[in-house]
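What follows is my_file34.pdb (PDB, C-alpha atoms).
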```pdb
ATOM      1  CA  MET W 661     157.027 -15.740  82.036
ATOM      2  CA  SER W 662     156.102 -18.293  79.374
ATOM      3  CA  SER W 663     153.361 -20.721  80.431
ATOM      4  CA  ALA W 664     152.294 -24.199  79.342
ATOM      5  CA  PHE W 665     148.974 -25.823  80.217
ATOM      6  CA  VAL W 666     149.358 -29.590  80.507
ATOM      7  CA  PHE W 667     146.427 -32.003  80.386
ATOM      8  CA  PRO W 668     146.527 -35.378  82.201
ATOM      9  CA  GLY W 669     145.564 -38.707  80.688
ATOM     10  CA  GLN W 670     144.350 -42.065  81.958
ATOM     11  CA  GLY W 671     145.214 -42.930  85.521
ATOM     12  CA  SER W 672     144.341 -39.511  86.965
ATOM     13  CA  HIS W 673     140.652 -40.370  87.236
ATOM     14  CA  SER W 674     138.721 -40.967  90.444
ATOM     15  CA  VAL W 675     135.100 -41.251  91.486
ATOM     16  CA  GLY W 676     134.001 -37.799  92.620
ATOM     17  CA  MET W 677     136.627 -35.899  90.632
ATOM     18  CA  LEU W 678     135.833 -32.223  89.970
ATOM     19  CA  ALA W 679     133.107 -32.217  92.664
ATOM     20  CA  GLY W 680     134.432 -28.973  94.145
ATOM     21  CA  PHE W 681     134.510 -27.252  90.774
ATOM     22  CA  ALA W 682     131.027 -28.538  89.918
ATOM     23  CA  ALA W 683     129.610 -27.129  93.143
ATOM     24  CA  ALA W 684     131.215 -23.763  92.411
ATOM     25  CA  ASP W 685     130.253 -23.237  88.775
ATOM     26  CA  PRO W 686     127.733 -24.755  86.324
ATOM     27  CA  VAL W 687     130.265 -24.918  83.481
ATOM     28  CA  VAL W 688     131.441 -28.313  84.757
ATOM     29  CA  GLY W 689     127.973 -29.836  84.657
ATOM     30  CA  GLU W 690     127.318 -28.242  81.282
ATOM     31  CA  THR W 691     130.507 -29.704  79.842
ATOM     32  CA  PHE W 692     129.674 -33.206  81.060
ATOM     33  CA  ALA W 693     126.110 -32.820  79.759
ATOM     34  CA  GLU W 694     127.531 -32.110  76.288
ATOM     35  CA  ALA W 695     129.649 -35.238  76.521
ATOM     36  CA  SER W 696     126.710 -37.301  77.764
ATOM     37  CA  GLU W 697     124.655 -36.268  74.753
ATOM     38  CA  VAL W 698     127.346 -37.633  72.441
ATOM     39  CA  LEU W 699     127.863 -40.821  74.464
ATOM     40  CA  GLY W 700     124.229 -41.688  75.108
ATOM     41  CA  TYR W 701     124.666 -42.139  78.868
ATOM     42  CA  ASP W 702     125.068 -39.872  81.908
ATOM     43  CA  LEU W 703     128.825 -39.378  82.161
ATOM     44  CA  TRP W 704     128.603 -37.051  85.154
ATOM     45  CA  GLN W 705     126.616 -39.613  87.129
ATOM     46  CA  LEU W 706     129.293 -42.216  86.390
ATOM     47  CA  VAL W 707     132.059 -39.825  87.459
ATOM     48  CA  SER W 708     130.167 -38.748  90.578
ATOM     49  CA  GLU W 709     128.882 -42.119  91.772
ATOM     50  CA  GLY W 710     130.980 -44.781  90.070
ATOM     51  CA  PRO W 711     131.519 -47.622  90.508
ATOM     52  CA  LEU W 712     135.259 -47.161  89.972
ATOM     53  CA  GLU W 713     135.482 -50.384  87.958
ATOM     54  CA  ALA W 714     133.005 -49.005  85.417
ATOM     55  CA  LEU W 715     134.709 -45.602  85.268
ATOM     56  CA  SER W 716     138.105 -47.268  84.820
ATOM     57  CA  ALA W 717     137.069 -49.142  81.668
ATOM     58  CA  THR W 718     139.167 -47.695  78.855
ATOM     59  CA  GLU W 719     136.262 -46.730  76.606
ATOM     60  CA  ARG W 720     134.589 -44.807  79.471
ATOM     61  CA  GLN W 721     137.639 -43.459  81.238
ATOM     62  CA  GLN W 722     138.881 -41.721  78.106
ATOM     63  CA  PRO W 723     135.737 -39.578  77.561
ATOM     64  CA  ALA W 724     135.594 -38.889  81.313
ATOM     65  CA  MET W 725     139.161 -37.604  81.441
ATOM     66  CA  LEU W 726     138.669 -35.590  78.259
ATOM     67  CA  ALA W 727     135.564 -33.939  79.707
ATOM     68  CA  ALA W 728     137.333 -33.276  83.012
ATOM     69  CA  GLY W 729     140.229 -31.549  81.284
ATOM     70  CA  VAL W 730     137.988 -29.469  79.042
ATOM     71  CA  ALA W 731     135.688 -28.521  81.938
ATOM     72  CA  THR W 732     138.671 -27.317  83.968
ATOM     73  CA  TRP W 733     139.956 -25.364  80.962
ATOM     74  CA  ARG W 734     136.580 -23.726  80.408
ATOM     75  CA  LEU W 735     136.356 -22.802  84.081
ATOM     76  CA  TRP W 736     139.834 -21.261  83.940
ATOM     77  CA  ARG W 737     138.924 -19.131  80.938
ATOM     78  CA  LYS W 738     135.497 -18.202  82.331
ATOM     79  CA  SER W 739     137.174 -17.083  85.561
ATOM     80  CA  GLY W 740     139.390 -14.648  83.692
ATOM     81  CA  GLY W 741     142.420 -16.865  83.227
ATOM     82  CA  ALA W 742     144.574 -15.948  80.246
ATOM     83  CA  ALA W 743     145.319 -18.357  77.437
ATOM     84  CA  PRO W 744     148.720 -19.999  77.952
ATOM     85  CA  ASP W 745     151.601 -19.692  75.537
ATOM     86  CA  LEU W 746     151.219 -23.340  74.561
ATOM     87  CA  VAL W 747     149.312 -26.526  75.415
ATOM     88  CA  CYS W 748     150.227 -30.198  75.565
ATOM     89  CA  GLY W 749     148.922 -33.404  77.108
ATOM     90  CA  HIS W 750     150.009 -36.787  78.372
ATOM     91  CA  SER W 751     148.654 -39.482  76.023
ATOM     92  CA  LEU W 752     144.859 -39.049  76.115
ATOM     93  CA  GLY W 753     145.467 -35.528  77.435
ATOM     94  CA  GLU W 754     146.638 -34.541  73.961
ATOM     95  CA  PHE W 755     143.008 -34.580  72.858
ATOM     96  CA  SER W 756     142.005 -32.238  75.698
ATOM     97  CA  ALA W 757     144.878 -29.954  74.696
ATOM     98  CA  LEU W 758     143.703 -29.923  71.069
ATOM     99  CA  VAL W 759     140.169 -29.002  72.158
ATOM    100  CA  ALA W 760     141.600 -26.140  74.220
ATOM    101  CA  ALA W 761     143.604 -25.044  71.153
ATOM    102  CA  GLN W 762     140.425 -25.189  69.022
ATOM    103  CA  ALA W 763     141.905 -27.787  66.698
ATOM    104  CA  LEU W 764     139.096 -30.221  67.594
ATOM    105  CA  THR W 765     135.520 -29.534  68.640
ATOM    106  CA  PHE W 766     134.608 -30.976  72.018
ATOM    107  CA  ALA W 767     131.794 -33.121  70.599
ATOM    108  CA  ASP W 768     134.066 -34.591  67.931
ATOM    109  CA  ALA W 769     136.763 -35.274  70.506
ATOM    110  CA  VAL W 770     134.332 -37.104  72.824
ATOM    111  CA  ALA W 771     133.244 -39.453  70.054
ATOM    112  CA  LEU W 772     136.828 -39.843  68.896
ATOM    113  CA  VAL W 773     138.301 -40.871  72.244
ATOM    114  CA  ARG W 774     135.464 -43.298  72.935
ATOM    115  CA  HIS W 775     136.269 -44.940  69.596
ATOM    116  CA  ARG W 776     139.957 -44.871  70.476
ATOM    117  CA  GLY W 777     139.308 -46.668  73.754
ATOM    118  CA  GLU W 778     137.194 -49.311  72.050
ATOM    119  CA  LEU W 779     139.883 -49.938  69.431
ATOM    120  CA  MET W 780     142.544 -50.257  72.109
ATOM    121  CA  GLN W 781     140.585 -52.852  74.058
ATOM    122  CA  GLN W 782     139.700 -54.782  70.900
ATOM    123  CA  ALA W 783     143.343 -54.874  69.801
ATOM    124  CA  VAL W 784     144.425 -56.597  73.013
ATOM    125  CA  PRO W 785     141.580 -58.401  74.834
ATOM    126  CA  VAL W 786     141.348 -58.287  78.621
ATOM    127  CA  GLY W 787     143.903 -60.616  80.171
ATOM    128  CA  VAL W 788     146.244 -60.716  77.190
ATOM    129  CA  GLY W 789     148.096 -57.476  77.887
ATOM    130  CA  GLY W 790     149.785 -56.034  80.932
ATOM    131  CA  ILE W 791     151.343 -52.795  82.119
ATOM    132  CA  ALA W 792     153.728 -52.050  84.974
ATOM    133  CA  ALA W 793     155.563 -49.152  86.587
ATOM    134  CA  VAL W 794     159.313 -49.349  87.194
ATOM    135  CA  LEU W 795     160.856 -46.983  89.733
ATOM    136  CA  GLY W 796     164.473 -46.184  90.468
ATOM    137  CA  LEU W 797     166.147 -47.653  87.389
ATOM    138  CA  GLU W 798     167.837 -45.967  84.429
ATOM    139  CA  ASP W 799     165.999 -45.962  81.099
ATOM    140  CA  GLU W 800     168.718 -47.995  79.391
ATOM    141  CA  ALA W 801     168.591 -50.712  82.060
ATOM    142  CA  ILE W 802     164.806 -50.946  81.714
ATOM    143  CA  ALA W 803     165.085 -51.300  77.941
ATOM    144  CA  ALA W 804     167.669 -54.055  78.399
ATOM    145  CA  ALA W 805     165.431 -55.856  80.912
ATOM    146  CA  CYS W 806     162.529 -55.720  78.463
ATOM    147  CA  ALA W 807     164.667 -57.094  75.636
ATOM    148  CA  GLU W 808     165.811 -59.947  77.876
ATOM    149  CA  ALA W 809     162.272 -60.725  79.068
ATOM    150  CA  ALA W 810     160.493 -60.601  75.706
ATOM    151  CA  ALA W 811     161.259 -64.194  74.681
ATOM    152  CA  GLY W 812     159.333 -63.854  71.443
ATOM    153  CA  GLU W 813     156.565 -61.717  72.954
ATOM    154  CA  VAL W 814     156.264 -57.947  73.316
ATOM    155  CA  VAL W 815     157.292 -55.899  76.349
ATOM    156  CA  GLU W 816     158.573 -52.354  75.903
ATOM    157  CA  PRO W 817     159.070 -49.057  77.733
ATOM    158  CA  VAL W 818     155.995 -46.997  76.838
ATOM    159  CA  ASN W 819     155.944 -43.997  79.208
ATOM    160  CA  PHE W 820     159.110 -42.100  80.097
ATOM    161  CA  ASN W 821     157.375 -40.107  82.813
ATOM    162  CA  SER W 822     160.270 -38.688  84.808
ATOM    163  CA  PRO W 823     163.799 -39.658  85.802
ATOM    164  CA  GLY W 824     163.473 -42.977  87.582
ATOM    165  CA  GLN W 825     159.830 -43.535  86.634
ATOM    166  CA  VAL W 826     159.095 -45.536  83.496
ATOM    167  CA  VAL W 827     156.050 -47.571  82.495
ATOM    168  CA  ILE W 828     156.452 -50.789  80.523
ATOM    169  CA  ALA W 829     153.737 -52.646  78.627
ATOM    170  CA  GLY W 830     153.109 -55.603  76.348
ATOM    171  CA  HIS W 831     151.999 -59.216  76.673
ATOM    172  CA  ALA W 832     151.067 -60.015  80.274
ATOM    173  CA  ALA W 833     153.550 -62.863  80.727
ATOM    174  CA  ALA W 834     156.380 -60.834  79.207
ATOM    175  CA  VAL W 835     155.580 -57.886  81.470
ATOM    176  CA  ASN W 836     155.812 -60.176  84.499
ATOM    177  CA  ARG W 837     159.168 -61.464  83.308
ATOM    178  CA  ALA W 838     160.368 -57.901  82.745
ATOM    179  CA  ILE W 839     159.338 -56.942  86.287
ATOM    180  CA  GLU W 840     161.652 -59.611  87.662
ATOM    181  CA  ALA W 841     164.427 -58.611  85.256
ATOM    182  CA  CYS W 842     164.126 -54.973  86.373
ATOM    183  CA  LYS W 843     164.278 -55.983  90.029
ATOM    184  CA  ALA W 844     167.366 -58.051  89.299
ATOM    185  CA  ARG W 845     168.975 -54.936  87.819
ATOM    186  CA  GLY W 846     168.309 -52.928  90.972
ATOM    187  CA  ALA W 847     164.912 -51.301  90.475
ATOM    188  CA  LYS W 848     163.529 -49.855  93.709
ATOM    189  CA  ARG W 849     160.063 -51.013  92.719
ATOM    190  CA  ALA W 850     158.488 -52.757  89.742
ATOM    191  CA  VAL W 851     154.755 -53.333  90.076
ATOM    192  CA  LEU W 852     151.817 -54.260  87.883
ATOM    193  CA  LEU W 853     149.255 -51.513  87.288
ATOM    194  CA  PRO W 854     145.489 -52.165  87.296
ATOM    195  CA  MET W 855     145.178 -51.826  83.515
ATOM    196  CA  SER W 856     145.031 -54.522  80.858
ATOM    197  CA  VAL W 857     145.481 -52.368  77.755
ATOM    198  CA  PRO W 858     149.203 -52.071  76.870
ATOM    199  CA  ALA W 859     148.818 -48.506  75.606
ATOM    200  CA  HIS W 860     151.618 -47.021  73.507
ATOM    201  CA  SER W 861     153.254 -50.398  72.888
ATOM    202  CA  SER W 862     153.668 -51.926  69.437
ATOM    203  CA  LEU W 863     150.678 -54.178  70.251
ATOM    204  CA  MET W 864     148.560 -51.083  69.551
ATOM    205  CA  GLN W 865     149.584 -50.960  65.876
ATOM    206  CA  PRO W 866     146.340 -52.612  64.639
ATOM    207  CA  ALA W 867     144.332 -50.111  66.692
ATOM    208  CA  ALA W 868     146.439 -47.247  65.348
ATOM    209  CA  LEU W 869     145.757 -48.269  61.743
ATOM    210  CA  ARG W 870     142.010 -48.416  62.343
ATOM    211  CA  PHE W 871     142.140 -45.154  64.274
ATOM    212  CA  GLY W 872     143.836 -43.549  61.295
ATOM    213  CA  GLU W 873     140.798 -44.433  59.176
ATOM    214  CA  ARG W 874     138.585 -42.483  61.575
ATOM    215  CA  LEU W 875     141.003 -39.572  61.704
ATOM    216  CA  ALA W 876     141.023 -39.308  57.904
ATOM    217  CA  SER W 877     137.415 -38.098  57.891
ATOM    218  CA  LEU W 878     137.599 -35.987  61.042
ATOM    219  CA  ALA W 879     137.367 -32.199  60.866
ATOM    220  CA  ILE W 880     140.617 -30.801  62.281
ATOM    221  CA  CYS W 881     141.741 -27.169  62.342
ATOM    222  CA  ALA W 882     145.126 -25.603  62.873
ATOM    223  CA  PRO W 883     145.651 -25.028  66.624
ATOM    224  CA  GLN W 884     144.934 -21.475  67.775
ATOM    225  CA  ILE W 885     147.340 -21.986  70.687
ATOM    226  CA  PRO W 886     150.713 -23.598  69.938
ATOM    227  CA  PHE W 887     150.544 -27.352  70.553
ATOM    228  CA  TRP W 888     153.465 -29.593  71.517
ATOM    229  CA  SER W 889     153.455 -33.395  71.683
ATOM    230  CA  PRO W 890     155.282 -35.854  73.957
ATOM    231  CA  VAL W 891     155.507 -38.293  71.045
ATOM    232  CA  ASP W 892     158.565 -36.383  69.810
ATOM    233  CA  ALA W 893     158.868 -33.400  72.212
ATOM    234  CA  ALA W 894     158.128 -31.035  69.335
ATOM    235  CA  PRO W 895     155.444 -28.576  68.170
ATOM    236  CA  HIS W 896     152.843 -29.570  65.578
ATOM    237  CA  ALA W 897     150.655 -27.129  63.682
ATOM    238  CA  GLY W 898     149.549 -28.495  60.295
ATOM    239  CA  VAL W 899     146.229 -30.311  59.956
ATOM    240  CA  GLU W 900     147.617 -33.357  58.140
ATOM    241  CA  GLU W 901     150.577 -33.337  60.509
ATOM    242  CA  LEU W 902     148.127 -33.604  63.425
ATOM    243  CA  ARG W 903     146.236 -36.484  61.801
ATOM    244  CA  ALA W 904     149.468 -38.426  61.395
ATOM    245  CA  LEU W 905     150.572 -37.594  64.928
ATOM    246  CA  LEU W 906     147.348 -38.776  66.577
ATOM    247  CA  GLN W 907     147.540 -42.065  64.707
ATOM    248  CA  ARG W 908     151.223 -42.496  65.508
ATOM    249  CA  GLN W 909     150.891 -41.668  69.211
ATOM    250  CA  LEU W 910     148.628 -44.623  69.905
ATOM    251  CA  ALA W 911     151.498 -47.067  69.379
ATOM    252  CA  SER W 912     154.412 -44.778  70.302
ATOM    253  CA  PRO W 913     156.017 -44.154  73.705
ATOM    254  CA  VAL W 914     155.057 -41.076  75.705
ATOM    255  CA  ARG W 915     158.296 -39.152  76.154
ATOM    256  CA  TRP W 916     157.079 -36.812  78.877
ATOM    257  CA  SER W 917     160.510 -36.149  80.369
ATOM    258  CA  ASP W 918     161.864 -35.111  76.968
ATOM    259  CA  LEU W 919     158.874 -32.850  76.364
ATOM    260  CA  VAL W 920     159.133 -31.010  79.683
ATOM    261  CA  ARG W 921     162.875 -30.505  79.203
ATOM    262  CA  ALA W 922     162.312 -29.234  75.649
ATOM    263  CA  LEU W 923     159.649 -26.789  76.807
ATOM    264  CA  ALA W 924     161.874 -25.502  79.594
ATOM    265  CA  ALA W 925     164.712 -25.076  77.095
ATOM    266  CA  ALA W 926     162.300 -23.139  74.858
ATOM    267  CA  GLY W 927     161.579 -20.708  77.693
ATOM    268  CA  VAL W 928     158.600 -22.160  79.551
ATOM    269  CA  THR W 929     158.874 -21.306  83.243
ATOM    270  CA  ARG W 930     155.330 -22.094  84.389
ATOM    271  CA  PHE W 931     153.530 -25.432  84.007
ATOM    272  CA  VAL W 932     149.836 -25.565  84.949
ATOM    273  CA  GLU W 933     148.075 -28.933  85.109
ATOM    274  CA  CYS W 934     144.546 -28.538  83.778
ATOM    275  CA  GLY W 935     142.422 -31.432  84.973
ATOM    276  CA  PRO W 936     141.828 -33.680  87.968
ATOM    277  CA  GLY W 937     144.684 -34.582  90.268
ATOM    278  CA  LYS W 938     148.301 -33.489  90.189
ATOM    279  CA  VAL W 939     150.099 -36.447  88.632
ATOM    280  CA  LEU W 940     151.768 -34.342  85.938
ATOM    281  CA  THR W 941     152.658 -31.603  88.409
ATOM    282  CA  SER W 942     154.563 -34.142  90.517
ATOM    283  CA  LEU W 943     156.348 -35.460  87.424
ATOM    284  CA  ASN W 944     157.205 -31.960  86.186
ATOM    285  CA  ARG W 945     158.802 -31.051  89.509
ATOM    286  CA  ARG W 946     161.020 -34.125  89.326
ATOM    287  CA  ILE W 947     161.999 -33.447  85.716
ATOM    288  CA  GLU W 948     162.825 -29.740  86.089
ATOM    289  CA  ARG W 949     164.175 -28.896  89.543
ATOM    290  CA  ARG W 950     165.403 -25.374  88.782
ATOM    291  CA  PRO W 951     163.885 -22.808  91.191
ATOM    292  CA  GLU W 952     162.648 -20.582  88.378
ATOM    293  CA  ILE W 953     160.373 -23.359  87.066
ATOM    294  CA  GLN W 954     156.932 -23.095  88.662
ATOM    295  CA  CYS W 955     154.445 -25.990  88.658
ATOM    296  CA  ALA W 956     150.814 -25.815  89.734
ATOM    297  CA  ALA W 957     147.682 -27.938  89.433
ATOM    298  CA  LEU W 958     144.089 -26.723  89.066
ATOM    299  CA  GLU W 959     142.496 -29.233  91.452
ATOM    300  CA  ASP W 960     139.735 -27.310  93.215
ATOM    301  CA  PRO W 961     138.380 -23.765  93.705
ATOM    302  CA  ALA W 962     141.215 -22.866  96.092
ATOM    303  CA  THR W 963     144.007 -23.852  93.696
ATOM    304  CA  LEU W 964     142.156 -22.182  90.822
ATOM    305  CA  ALA W 965     141.906 -18.946  92.817
ATOM    306  CA  ALA W 966     145.597 -19.119  93.718
ATOM    307  CA  ALA W 967     146.614 -19.695  90.098
ATOM    308  CA  LEU W 968     144.445 -16.815  88.919
ATOM    309  CA  ALA W 969     145.903 -14.521  91.578
ATOM    310  CA  SER W 970     149.446 -15.444  90.613
ATOM    311  CA  THR W 971     148.778 -14.284  87.047
ATOM    312  CA  GLY W 972     147.040 -11.065  88.080
ATOM    313  CA  ALA W 973     143.593 -12.224  86.937
ATOM    314  CA  THR W 974     140.605 -11.210  89.026
TER     315      THR W 974
END
```
Please rewrite the model in this file as C-alpha cells.
Amino acid sequence: MSSAFVFPGQGSHSVGMLAGFAAADPVVGETFAEASEVLGYDLWQLVSEGPLEALSATERQQPAMLAAGVATWRLWRKSGGAAPDLVCGHSLGEFSALVAAQALTFADAVALVRHRGELMQQAVPVGVGGIAAVLGLEDEAIAAACAEAAAGEVVEPVNFNSPGQVVIAGHAAAVNRAIEACKARGAKRAVLLPMSVPAHSSLMQPAALRFGERLASLAICAPQIPFWSPVDAAPHAGVEELRALLQRQLASPVRWSDLVRALAAAGVTRFVECGPGKVLTSLNRRIERRPEIQCAALEDPATLAAALASTGAT
C-alpha cells in the first residue's frame, strides 16, 4: 500500500486545536514553543485561548497552521509511525509538507510563512478583496461565470477542491457579481467566506514577486521524502525548482482534485491528513470514491492510535 501524508492549509484552524494531542505528549507544546521563539509572541496561547479573530488574521493563521501540521507530524513519527511514500499540502500546507520532507527547517518555515501572510495582506488591503465557495456547479460553468462577472476587475477560480466544490477569489465587488452569476447557472450554493485575502488569484502577483526575493536567499534542501504539489499535480525535487514553485503557487490555483487523482493513478491507496481537522479527508473521499482508496485524519489521540494500528506500528 502506497501512502501519502497531506497537510491542510488556511481554513482548518480553530481555537483549541490540537488540545488533545498537547495533553497527551509534550512534543506539541515544544513545537509551538519553537515557533513562538521565532515569532516573538506566544503562539500556543493564541491557539489555545484565541480570540478567533486574532488567530484568523493571515499573518498569524499561517504560522499557527504550519506549527499544527509539523507538531502532528512529529507526534506521528515519535509514536512509531513510518514515513509515508510521499507528502503534499493544500496551499499553506505545502510548507508543512516540505518541513516533514526536510527540505525546509521548521524555524525557517515559520519566519517564511509569516512573511508570506504579511505580503498577501499588503498586496490586497482588507476590504478590497473577496473569496467565495461555489458548490454544485461544473468547473467550466464557474469559469464562465467569473469571466462574465469580472467587468474589468479580477475574479477567478482559485481552489479546485473536489468535484462540485470550487473557491473563487478576486476584487470584492467582482466576487459578489460572480456569486450571482454562479447561482444563475444553477449552483447549489455560492457564499462569501470570512477571508479578505484573495489567495491564489492573479491579484497575488505583486506578493509573489516580493516573496520570490525572500525565497532566493532561503536555505532549501532536496526533499528526503518525495514531494508533490497541487499547483501542477506533479512531483518536485530540485532546489531551484522548489524556489520557483513556492513563488508561483502564491498566485496560482490550487488544483487539489487533479493532485489526488494523479496520486491515485500513481499508486497511492492511503491518504492521511496530518494536522487539525479533516477538511482534506472529506475532499479526498469525494475525489476518489474507489473502495481501495483509504482516507484518514490524525485529529486526536484516538485517531492517531487507530492510524498507527492500521499500519502495524506499536
Just the residues within 9 Å of Glu933 of chain W, please, counting all atoms listed in the file, with nothing from its chain fewer than 2 positions along; format it as JSON, numbers by chain.
{"W": [664, 665, 666, 667, 668, 931, 935, 936, 937, 938, 939, 940, 941, 955, 956, 957, 958, 959]}
Residues within 12 Å of (158.0, -33.0, 78.3), counting only C-alpha atoms, listed as number ranges by chain
W: 664-667, 747-751, 819-823, 888-895, 914-926, 928, 931, 940-941, 943-948
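You will find atom CA of Thr765 of chain W at 8.4 Å from atom CA of Ala879 of chain W.
Non-sequential neighbours of Ala841 of chain W (distance at most 8 Å, separation of 4 or more positions within a chain, only C-alpha atoms) are Ala805, Cys806, Glu808, Ala809, Arg837 and Arg845 of chain W.
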Residue IDs satisfying the PyMOL selection byres ((chain W and resi 824) around 8), as an MDAnalysis selection string
chainID W and resid 794:799 822:823 825:826
